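Below is one structure, written out as structure tokens; comments come after it.
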There are 2 protein chains.
Amino acid sequence: MAEPLKIVIVGGVAAGPKAAARARRLDPQAAITILEKGDYISYSACGLPFLISGEIPDVSHLLASPVGVMRDAGYFHDIKNIDFLTGKEVLAIDRAAKTVKVRDLASTREETYPYDKLVLATGALPIRPQVPGIDVENVFVIRQPRDGLAILAALEEHKPKRAALIGAGAIGLEVAEALVDWGVEVTVVEAMESVFPGLLDFEMGALLQRHLESKGIKVRVGEAATSFGSDDNGHLNRVYTSKGEFPAELAVVAIGVKPNVELAKAAGLALGETGALKVDGEMRTSDPDIYAGGDCVEAYHRLLQRPVVISSGQQANIQGRIIGTNLTGGHMVYRGMIGTAVAKVFDYTVGATGLSEAAARQAGFTVETVLGPGLDHAHYLPDALFIGLKMVADKATGRVLGVQVVGPGDGAKRLDVAAAAISLKATVEDFTQLNLGYSPPYSVAIDLLVTAAQVMQNKLTGVAHTLSPLEVQELTDKGGDFMLLDVRTPAEYRRERLKNPHAFAMPLGRLREKAKALPKDKLYIPFCQQSLRGYEAAKILEGLGFKNVKFMDGGVTHWPFELEQGAPGKE
Amino acid sequence: MAEPLKIVIVGGVAAGPKAAARARRLDPQAAITILEKGDYISYSACGLPFLISGEIPDVSHLLASPVGVMRDAGYFHDIKNIDFLTGKEVLAIDRAAKTVKVRDLASTREETYPYDKLVLATGALPIRPQVPGIDVENVFVIRQPRDGLAILAALEEHKPKRAALIGAGAIGLEVAEALVDWGVEVTVVEAMESVFPGLLDFEMGALLQRHLESKGIKVRVGEAATSFGSDDNGHLNRVYTSKGEFPAELAVVAIGVKPNVELAKAAGLALGETGALKVDGEMRTSDPDIYAGGDCVEAYHRLLQRPVVISSGQQANIQGRIIGTNLTGGHMVYRGMIGTAVAKVFDYTVGATGLSEAAARQAGFTVETVLGPGLDHAHYLPDALFIGLKMVADKATGRVLGVQVVGPGDGAKRLDVAAAAISLKATVEDFTQLNLGYSPPYSVAIDLLVTAAQVMQNKLTGVAHTLSPLEVQELTDKGGDFMLLDVRTPAEYRRERLKNPHAFAMPLGRLREKAKALPKDKLYIPFCQQSLRGYEAAKILEGLGFKNVKFMDGGVTHWPFELEQGAPGKE
């Protein structure tokens with residue numbers, strides 16, 4: 001009988017344990033060792049905000065399996081016959097000798113582990129910007145269980161009144177919500193021009209920002225944190241930004257992560273242009289006996305058709321399974337990702353898949369966009385809630401490039417449907433004919449995702465002519481001569497309306513009659529709450545011989561600028 | 001200027017109004033007339049169960065648009081410039097003269113409408129089985145608002161104690177739930193062997209049936225209603241079936257619909273083998289000036305690659321849009337459907353997309369199946385609920401043919417993701433690498449849909465060997481020599497376990513040790529709650545040299561036969 005295959009895996013979260021488990025299933029004889037520097041193994045990093053909020057009463061919940069089994073070293077040994085060793089810092093890889101040099105952190109002894117196949121799953125490290133005061137007390141990053149526990153301890157011990165959240169990405173906003181649960185006044189500082197940057201375009205971020213502000217969070221976008229000030233005890237008391245300053249006794253820096261590649265780099269393994277570890281389709285590094293996966297590698301982006309660095313526990317798991325297969329003689333190829341992300345932020349579901357308009361333009365695509373909000377299920381049943389939705393398509397190929405959702409309705413479903421379809425190279429036409437499940441508690445007959453695709457198709461074929469809210473604002477700023485026709489009902493108008501000098505109430509039911517008095521040469525921009533009636537109005541005006549009509553995409557729902565509530569100043 | 005195009009549309013629900021609205025958008029000048037026999041127009045038939053339950057307080061809600069605008073004739077006239085005429089029964093089509101003969105039901109006068117293009121959207125009629133007593137009082141069908149109102153009136157007037165629901169499809173079960181809300185004792189009678197027939201395979205139906213029974217509903221599957229008995233007043237008092245009888249004062253027959261094609265047939269238009277109207281890809285009948293869509297036509301099924309008859313308000317809308325486009329000179333092609341259906345039945349979401357195992361086998365596919373239940377989101381957050389899931393794949397092409405969901409968790413999302421992917425011809429491998437949104441409130445890192453695909457891949461490549469619950473029961477019935485190893489924790493075992501003489505408790509943590517005492521030549525069938533640990537156990541036994549090990553798909557969650565609760569009788 002052949003000598004068992006010696007597999008050594010560096011890193012005990014996501015990709016590492018998954019590769020180990022898969023390898024074990026395919027090779028019952030292999031000797032599999034996982035080396036983890038920290039104390040916690042196989043934890044859910046994405047659960048940390050819920051530890052801080054108290055929704056998870058104890059860190060152990062992040063380590064247990066769904067049926068309550070603790071995934072500790074004993075579990076891996078007894079059930080999976082895998083040696084999962086914690087407190088083991090890997091110092092160096094000797095590729096010629098095929099060994100790794102390890103320091104046992106408890107005993108400080110050095111050890112050597114031989115391998116036939118090595119897996120690097122060293123993950124990523126939170127970025128700590130090297131600004132003055134970054135090391136004062138009560139400034140935290142958030143990445144590992146110990147970070148969550150440290151923030152919890154600071155909340156309990158120091159009872160901060162005000163907190164700063166540096167970085168308005170998913171984890172950052174989830175932590176912001178958790179801090180609000182603690183009664184802390186939270187200011188979010190984001191260097192980019194809108195929240196959820198990179199994933200949401202400006203007007204979608206504006207929708208989320210409005211929700212954050214409605215929950216009492218102060219949002220400072222377009223501002224970078226420049227330093228942290230402290231009191232006489234060395235405790236944080238003030239945050240300074242590129243545009244101002246504000247008091248805060250606790251700060252969490254969540255501006256992203258960088259691939260942890262020092263070990264691989266020192267061993268001479270090739271890095272990609274992104275700075276992350278370069279791997280081939282089978283997740284092999286430049287050394288054929290060394291595989292790598294998870295946040296330390298660059299991953300192929302299916303739409304950009306090049307490697308990118310995006311932190312994803314899900315993709316780490318998928319890559320781990322592929323590595324485990326290939327380690328044991330299989331040939332499975334990683335097909336790539338499309339950057340899908342989702343988060344619950346207070347009452348809103350926020351998510352994006354594929355490319356944002358900004359990202360698509362930057363990558364050289366010629367894009368068309370649709371703002372297509374809608375209800376998540378039949379309006380005549382309780383709790384039907386709106387979803388703000390943006391779709392981005394490639395004019396050249398007709399393919400859908402991305403979908404963003406922001407709102408209280410069930411956007412997670414639409415996001416995943418879009419993610420699946422985009423992964424499978426769906427065109428706009430494919431989306432228009434999706435045979436989704438329809439039942440009043442779950443959807444409307446034509447789902448908003450399908451409606452958005454229909455509008456997109458109308459735009460691409462020249463049937464619908466629109467302006468985006470940003471284009472309307474630009475026209476306004478330029479002092480253009482046009483009328484914004486609010487074709488909603490008077491009741492809707494009284495409740496809330498655009499604050500824009502060109503906007504007038506013009507209920508759809510009276511449009512045919514009232515249009516007679518309007519000069520035909522002007523630019524008219526009808527809109528409604530979501531813009532299906534705006535589209536209707538545009539078609540009515542065109543039918544009446546008006547030549548210059550464009551409806552405003554997304555209506556009042558997606559207007560990212562000021563709104564006016566209550567008794568109207570004009571009509 | 002050319003004479004406006006005269007478009008006449010027969011039928012005022014779903015496909016008809018949609019075709020009219022689309023045609024109007026593309027041709028502002030066309031003269032568009034909709035002729036509807038009934039009084040209600042453009043209503044949501046799928047909302048009727050919620051009218052009966054009282055969740056919708058008034059039938060008008062089914063007619064309003066999402067923003068509360070009534071879609072009545074005035075609305076169609078004022079906003080859309082469409083003549084929507086109710087109480088108009090179309091008696092005949094004169095294809096040579098290009099006219100339709102109409103009876104105005106109010107005046108009983110006959111009228112003639114000329115057309116350039118005609119659209120038939122005559123829908124489907126509920127099947128009323130011609131059994132004795134079908135016409136006694138308080139036996140209803142459910143299709144139109146008047147049916148819902150009649151059932152409501154009967155509930156209020158006769159206060160029935162017991163009701164029979166004939167047909168356990170989506171609408172039938174939704175109505176059953178509504179009747180339970182009224183305090184009525186409900187018996188469901190279904191001629192097929194399980195509930196939700198055609199959409200759910202037997203073991204998935206069993207899961208739903210267990211839920212129905214837990215809500216106090218009596219379920220009689222494999223029984224056909226043979227007659228309805230009445231008291232001296234001619235009121236229903238008894239239902240007779242092929243296997244027995246039971247008292248009931250109200251009955252709703254919901255055994256399906258048949259395409260309403262009499263008008264088209266009399267006009268000599270071609271019908272398909274299904275008995276429904278035959279149309280080409282552009283939704284044109286055998287007469288090039290007559291289009292048809294909705295429940296009166298047969299629709300192309302993308303997986304079966306042949307026309308089928310499936311009633312769907314959603315597909316009717318999609319077809320209506322295509323018809324409206326083609327009526328006005330466009331060329332849009334209907335790509336077909338895959339039979340997606342979803343319903344909320346008490347606390348469960350129930351749905352199916354693509355082909356069931358039974359349907360796939362009947363169509364000649366060689367299939368592999370997976371029962372892959374899982375939680376809908378992270379177990380450490382509140383309200384994580386299980387979803388029962390079945391996946392069916394084609395062994396020849398590796399394509400996923402169908403997915404079924406039954407359970408309290410958010411199965412609607414997984415169903416729609418599967419529907420999108422299946423529509424786009426996704427393979428099992430495509431499913432294993434879907435980049436879905438991951439965040440603890442919405443999902444687990446590897447969604448159960450992806451996990452099911454991974455298990456499917458393992459089966460197709462010979463890595464995993466399983467038996468379905470049905471195969472295990474068959475072995476039991478045959479008196480086979482095997483052991484069912486329940487590898488769950490003792491606590492899980494005490495709570496609930498299979499009632500099967502071959503089943504023994506064998507906690508996973510002790511399997512390696514206990515396995516030493518087991519003879520190696522026997523067939524072992526490990527299983528757990530969902531069967532990931534069952535798979536683990538199979539791999540442990542194989543690693544120990546056992547040659548005949550297969551884990552049971554779906555575990556206790558999907559066991560469709562008897563379960564035993566509380567203190568175990570043996571261990």
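Residue numbering restarts at 1 in every chain; chains get A, B, ... in the order shown in the structure tokens, and ligands count up from 1 in that same order.
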Find the residues of range 156-266 of chain A that sit at most 6 Å from range 136-152 of chain A; for each, write down the nearest two atoms and how far apart they are in Å, to one decimal. Count only C-alpha atoms. Sort by chain, then by number going up, and give it as a tab-separated table.
```
residue	atom	partner	partner_atom	distance
A:Gly234	CA	A:Val136	CA	5.9
A:His235	CA	A:Glu137	CA	4.7
A:Leu236	CA	A:Glu137	CA	5.8
A:Leu250	CA	A:Asn138	CA	5.1
A:Ala251	CA	A:Val139	CA	4.7
A:Val252	CA	A:Phe140	CA	4.7
A:Val253	CA	A:Val141	CA	4.9
```
Preceding selection exported with C-alpha atoms as an mmCIF file, in the first residue's frame:
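Output contents, as saved in selection.cif:
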```
data_model
loop_
_atom_site.group_PDB
_atom_site.id
_atom_site.type_symbol
_atom_site.label_atom_id
_atom_site.label_comp_id
_atom_site.auth_asym_id
_atom_site.auth_seq_id
_atom_site.Cartn_x
_atom_site.Cartn_y
_atom_site.Cartn_z
ATOM 1 C CA GLY A 234 -4.978 57.875 26.098
ATOM 2 C CA HIS A 235 -8.637 57.108 25.348
ATOM 3 C CA LEU A 236 -10.164 58.181 22.059
ATOM 4 C CA LEU A 250 -15.197 54.571 20.302
ATOM 5 C CA ALA A 251 -14.190 54.062 16.695
ATOM 6 C CA VAL A 252 -14.347 51.058 14.434
ATOM 7 C CA VAL A 253 -12.239 51.139 11.298
#
```
*Hey, what's within 8 Å of range 23-33 of chain B if we count only C-alpha atoms and toss same-chain stuff fewer than 6 positions away? As a list in words, please?*
Val463, Glu536, Lys539, Ile540, Glu542 and Gly543 of chain A; Pro4, Leu5, Lys6, Ile7, Val8, Ile9, Lys80, Asn81, Ile82, Asp83, Phe84, Leu85, Gly324, Thr325, Leu327 and Thr328 of chain B
*Enumerate as a ChimeraX atom specification all residues of range 85-318 of chain B assigned to helix (DSSP H, G or I) by DSSP on the backbone, naming them with the chain letters and numbers the document uses.*
/B:145-158,170-181,202-214,262-266,313-318
*asked:* Excluding range 176-179 of chain A and its own-chain neighbours fewer than 2 positions away, which residues fall within 8 Å of it when counting only C-alpha atoms? Please give them as a list of chain:residue names.
replied: A:Pro49, A:Phe50, A:Ile52, A:Ser53, A:Gly54, A:Ala163, A:Leu165, A:Gly172, A:Leu173, A:Glu174, A:Asp181, A:Trp182, A:Gly183, A:Val184, A:Glu185, A:Val186, A:Val188, A:Val345, A:Phe346
_One decimal, in Å: what's the spacing between CA of Gly411 in chain B and CA of Gly351 in chain B?_
7.6 Å
*For range 544-557 of chain B, work out the shell of residues within 8 Å, counting only C-alpha atoms and skipping chain neighbours fewer than 5 positions away, then give it as a ChimeraX atom specification.*
/B:370-373,388,464-469,472,497-498,520-531,534-535,537-538
Using C-alpha atoms, can you export the residues from the last selection as a PDB file, in the first residue's frame?
```pdb
ATOM      1  CA  VAL B 370     -30.983  14.800  -4.286  1.00  0.00           C
ATOM      2  CA  LEU B 371     -33.001  15.517  -1.170  1.00  0.00           C
ATOM      3  CA  GLY B 372     -31.067  18.410   0.280  1.00  0.00           C
ATOM      4  CA  PRO B 373     -32.814  20.207   3.120  1.00  0.00           C
ATOM      5  CA  GLY B 388     -37.050  20.820   2.384  1.00  0.00           C
ATOM      6  CA  ALA B 464     -21.435   9.795  -2.958  1.00  0.00           C
ATOM      7  CA  HIS B 465     -23.641   6.727  -2.836  1.00  0.00           C
ATOM      8  CA  THR B 466     -27.153   7.145  -1.531  1.00  0.00           C
ATOM      9  CA  LEU B 467     -30.546   5.590  -1.209  1.00  0.00           C
ATOM     10  CA  SER B 468     -33.723   7.618  -1.269  1.00  0.00           C
ATOM     11  CA  PRO B 469     -36.266   7.217   1.551  1.00  0.00           C
ATOM     12  CA  VAL B 472     -35.069   2.379   1.960  1.00  0.00           C
ATOM     13  CA  ARG B 497     -36.828   9.195  14.950  1.00  0.00           C
ATOM     14  CA  LEU B 498     -37.787   6.895  12.089  1.00  0.00           C
ATOM     15  CA  LYS B 520     -18.073  -5.484   7.351  1.00  0.00           C
ATOM     16  CA  ASP B 521     -20.139  -7.332   4.756  1.00  0.00           C
ATOM     17  CA  LYS B 522     -23.541  -5.916   5.644  1.00  0.00           C
ATOM     18  CA  LEU B 523     -25.299  -2.985   3.964  1.00  0.00           C
ATOM     19  CA  TYR B 524     -25.139   0.105   6.154  1.00  0.00           C
ATOM     20  CA  ILE B 525     -27.335   3.122   5.578  1.00  0.00           C
ATOM     21  CA  PRO B 526     -26.287   6.057   7.761  1.00  0.00           C
ATOM     22  CA  PHE B 527     -28.502   9.119   7.950  1.00  0.00           C
ATOM     23  CA  CYS B 528     -28.946  12.205  10.103  1.00  0.00           C
ATOM     24  CA  GLN B 529     -31.405  15.089  10.226  1.00  0.00           C
ATOM     25  CA  GLN B 530     -30.586  16.331   6.727  1.00  0.00           C
ATOM     26  CA  SER B 531     -27.820  13.925   5.699  1.00  0.00           C
ATOM     27  CA  GLY B 534     -24.980  10.859   7.088  1.00  0.00           C
ATOM     28  CA  TYR B 535     -22.590  11.500   4.196  1.00  0.00           C
ATOM     29  CA  ALA B 537     -20.632   8.748   8.398  1.00  0.00           C
ATOM     30  CA  ALA B 538     -20.629   6.929   5.054  1.00  0.00           C
TER      31      ALA B 538
END
```
*What is the CA of Leu415 in chain B-CA of Leu436 in chain A distance in Å, reported with one decimal?*
7.9 Å
*Which residue gives the smallest distance to chain A among B:Tyr40, B:Tyr115, B:Tyr334, B:Tyr493, with only C-alpha atoms counted?*
B:Tyr334
*So, counting only C-alpha atoms, which residue among B:Gln433, B:Leu304, B:His377, B:Ala421 is closest to Arg321 in chain A?*
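Comparing B:Gln433, B:Leu304, B:His377, B:Ala421 against Arg321 in chain A, the winner is B:Gln433.
From CA of Trp559 in chain B back to CA of Arg220 in chain B, the distance works out to 19.3 Å.
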